[in-house]
Amino acid sequence: MANMKIKAKEKDGIVKVKAKLTHEMMTYAAAQKKGREANFITHVVAKVDEKIIYELSSSQFISKDPILKFKFHGKKGEVLEITWTDMSGKKVAESKKIK
Amino acid sequence: MNRRKFLTLSVVTALSLPIAALATDYRMEKPTAWTAHTVDDAIKALYGDVKLVQSDAIILKMPKLASNGGAVPIGIKTDIKAKSVSLFQNANPESAVAVWSVPEDGIIDYGFKIKLKGGDNKSIKVTVIVEGLDGVFYTKSASVQVSSTTCEG
């Protein structure tokens with residue numbers, strides 16, 4: 001599913017990641033106004049080779065279409081896999097080779 | 001495979017399993033922390049009654065003035081060896097924004113944008129807490145003013 005854009009680049013053993021997750025991140029307040037259910041990303045995990053390198057438990061207050069930036073120790077050529085889960089239980093995963 | 005080899009293998013597997021399961025979903029584990037309405041309550045619900053130590057080793061990067069409350073850029077950086085990092089604010093109805101669980105050998109250099117309910121030129125306090133591996137809770141705060149009122153995202 002192409003609702004995640006990942007950029008991962010290695011320099012001196014450190015991989016810089018920029019990931020854009022497409023999600024409306026509806027807060028409780030906004031949902032009430034629009035008469036809809038609140039829904040937002042609650043959990044994001046990034047893994048390389050089944051090893052967790054980034055983990056975020058998030059709330060409704062992260063901006064719409066969140067862009068997450070982080071770094072980790074890694075190598076070029078490895079595959080980074082990011083998975084997010086939202087309130088409705090929807091799970092989306094996307095992988096990207098580190099450049 | 002002889003018996004000894006098998007035993008060693010099973011011990012290794014048993015040892016490596018908990019490491020893989022080290023990940024913590026703080027929403028599952030501490031549900032009350034996410035519904036707390038004040039920063040103090042949220043911290044208490046997340047970590048318990050802990051003493052916070054002000055630390056300059058934490059770099060909290062954010063603007064002094066934000067024009068759009070729907071996306072206030074936040075950067076958190078520290079060299080402290082930590083177990084978890086969390087972010088709170090005192091403008092929105094609920095206080096907790098995010099909790100990272102830091103993996104072993106993880107680099108703490110996070111960036112993202114958050115929603116802050118602004119208006120009335122009031123000053124909003126954003127607090128970061130770093131739960132160190134040494135058991136000390138480090139904290140750092142910064143203030144921001146949000147000019148337009150939006151919490152819609």
# chains A, B, ... in the order shown; residues from 1 in each chain; ligands from 1
>>> interface_residues(of="chain B", to="chain A", cutoff="6 Å", atoms="only C-alpha atoms", output="VMD selection string")
chain B and resid 25 to 26 71 97 to 101 103 107 109 to 115 152 to 153
>>> select_by_dssp(residues="segment 28-97 of chain A", states="strand (DSSP E)", output="NGL selection string")
:A and (41-48 or 51-58 or 67-73 or 79-86 or 91-97)
>>> residues_around(residues="Ser123 of chain B", least_positions_apart="4", cutoff="7 Å", atoms="only C-alpha atoms", output="PyMOL selection string")
chain B and resi 143-145
>>> write_last_selection(atoms="N, CA, C and O atoms", output="mmCIF file, in the first residue's frame")
data_model
loop_
_atom_site.group_PDB
_atom_site.id
_atom_site.type_symbol
_atom_site.label_atom_id
_atom_site.label_comp_id
_atom_site.auth_asym_id
_atom_site.auth_seq_id
_atom_site.Cartn_x
_atom_site.Cartn_y
_atom_site.Cartn_z
ATOM 1 N N SER B 143 8.690 26.617 26.313
ATOM 2 C CA SER B 143 7.385 27.221 26.092
ATOM 3 C C SER B 143 7.228 27.653 24.648
ATOM 4 O O SER B 143 8.191 27.967 23.968
ATOM 5 N N VAL B 144 5.984 27.675 24.218
ATOM 6 C CA VAL B 144 5.682 28.095 22.861
ATOM 7 C C VAL B 144 4.376 28.869 22.891
ATOM 8 O O VAL B 144 3.516 28.623 23.738
ATOM 9 N N GLN B 145 4.273 29.847 22.007
ATOM 10 C CA GLN B 145 3.016 30.568 21.864
ATOM 11 C C GLN B 145 2.417 30.225 20.516
ATOM 12 O O GLN B 145 3.097 30.296 19.507
#
>>> closest_residue(among="A:Val15, A:Leu21, A:Ile98, A:Glu37", to="Gly106 of chain B", atoms="only C-alpha atoms")
A:Val15
>>> residues_around(residues="Thr139 of chain B", least_positions_apart="4", cutoff="9 Å", atoms="only C-alpha atoms", output="list in words")
Leu52, Val53, Gln54, Ser55, Asp56, Ile58, Thr127, Val128, Ile129, Val130 and Glu131 of chain B
>>> write_last_selection(atoms="N, CA, C and O atoms", output="CSV table (one decimal), in the first residue's frame")
chain,number,residue,atom,x,y,z
B,52,LEU,N,11.7,14.2,39.4
B,52,LEU,CA,12.2,14.6,38.1
B,52,LEU,C,13.4,15.5,38.3
B,52,LEU,O,13.5,16.4,39.2
B,53,VAL,N,14.4,15.3,37.5
B,53,VAL,CA,15.7,16.0,37.6
B,53,VAL,C,15.8,16.9,36.4
B,53,VAL,O,15.8,16.4,35.2
B,54,GLN,N,15.9,18.2,36.5
B,54,GLN,CA,16.1,19.1,35.4
B,54,GLN,C,17.4,18.8,34.7
B,54,GLN,O,18.4,18.6,35.4
B,55,SER,N,17.4,18.7,33.4
B,55,SER,CA,18.7,18.3,32.8
B,55,SER,C,18.9,19.1,31.5
B,55,SER,O,18.0,19.3,30.7
B,56,ASP,N,20.1,19.6,31.4
B,56,ASP,CA,20.5,20.4,30.1
B,56,ASP,C,21.0,19.4,29.1
B,56,ASP,O,21.4,19.8,28.0
B,58,ILE,N,19.3,17.3,27.7
B,58,ILE,CA,18.3,17.0,26.8
B,58,ILE,C,18.1,18.3,25.9
B,58,ILE,O,18.0,19.4,26.5
B,127,THR,N,6.8,19.5,27.9
B,127,THR,CA,7.7,18.9,28.8
B,127,THR,C,8.2,17.5,28.2
B,127,THR,O,7.4,16.7,27.7
B,128,VAL,N,9.5,17.3,28.2
B,128,VAL,CA,10.0,16.0,27.8
B,128,VAL,C,10.5,15.3,29.1
B,128,VAL,O,11.2,15.9,29.9
B,129,ILE,N,10.3,14.0,29.1
B,129,ILE,CA,10.9,13.3,30.2
B,129,ILE,C,11.7,12.1,29.6
B,129,ILE,O,11.2,11.4,28.7
B,130,VAL,N,12.9,12.0,30.1
B,130,VAL,CA,13.8,10.9,29.6
B,130,VAL,C,14.0,9.9,30.8
B,130,VAL,O,14.5,10.3,31.8
B,131,GLU,N,13.5,8.7,30.6
B,131,GLU,CA,13.7,7.7,31.7
B,131,GLU,C,15.0,7.0,31.5
B,131,GLU,O,15.2,6.2,30.6
>>> residues_around(residues="Met4 of chain A", least_positions_apart="2", cutoff="9 Å", atoms="only C-alpha atoms", output="ChimeraX atom specification")
/A:1-2,6,19-22,82,92-94
>>> write_last_selection(atoms="N, CA and C atoms", output="CSV table (one decimal), in the first residue's frame")
chain,number,residue,atom,x,y,z
A,1,MET,N,0.8,-1.2,0.0
A,1,MET,CA,0.0,0.0,0.0
A,1,MET,C,0.9,1.2,0.0
A,2,ALA,N,0.5,2.1,-0.9
A,2,ALA,CA,1.5,3.3,-1.0
A,2,ALA,C,1.0,4.4,-0.1
A,6,ILE,N,9.0,6.5,2.7
A,6,ILE,CA,10.2,6.4,3.6
A,6,ILE,C,11.4,6.8,2.9
A,19,ALA,N,10.1,9.4,7.6
A,19,ALA,CA,8.9,8.7,7.1
A,19,ALA,C,7.7,9.5,7.2
A,20,LYS,N,6.9,9.5,6.1
A,20,LYS,CA,5.7,10.2,6.1
A,20,LYS,C,4.5,9.1,6.1
A,21,LEU,N,3.7,9.2,7.1
A,21,LEU,CA,2.6,8.2,7.2
A,21,LEU,C,1.3,9.0,6.8
A,22,THR,N,0.5,8.5,6.0
A,22,THR,CA,-0.7,9.2,5.6
A,22,THR,C,-1.8,8.7,6.5
A,82,ILE,N,8.7,-0.4,8.5
A,82,ILE,CA,7.9,0.4,9.4
A,82,ILE,C,6.4,0.0,9.4
A,92,VAL,N,-0.7,-1.0,8.8
A,92,VAL,CA,0.0,-0.8,7.5
A,92,VAL,C,1.5,-1.0,7.7
A,93,ALA,N,2.1,-1.7,6.8
A,93,ALA,CA,3.5,-1.9,6.9
A,93,ALA,C,4.1,-1.6,5.5
A,94,GLU,N,5.3,-1.1,5.6
A,94,GLU,CA,6.0,-0.7,4.3
A,94,GLU,C,7.5,-0.9,4.6
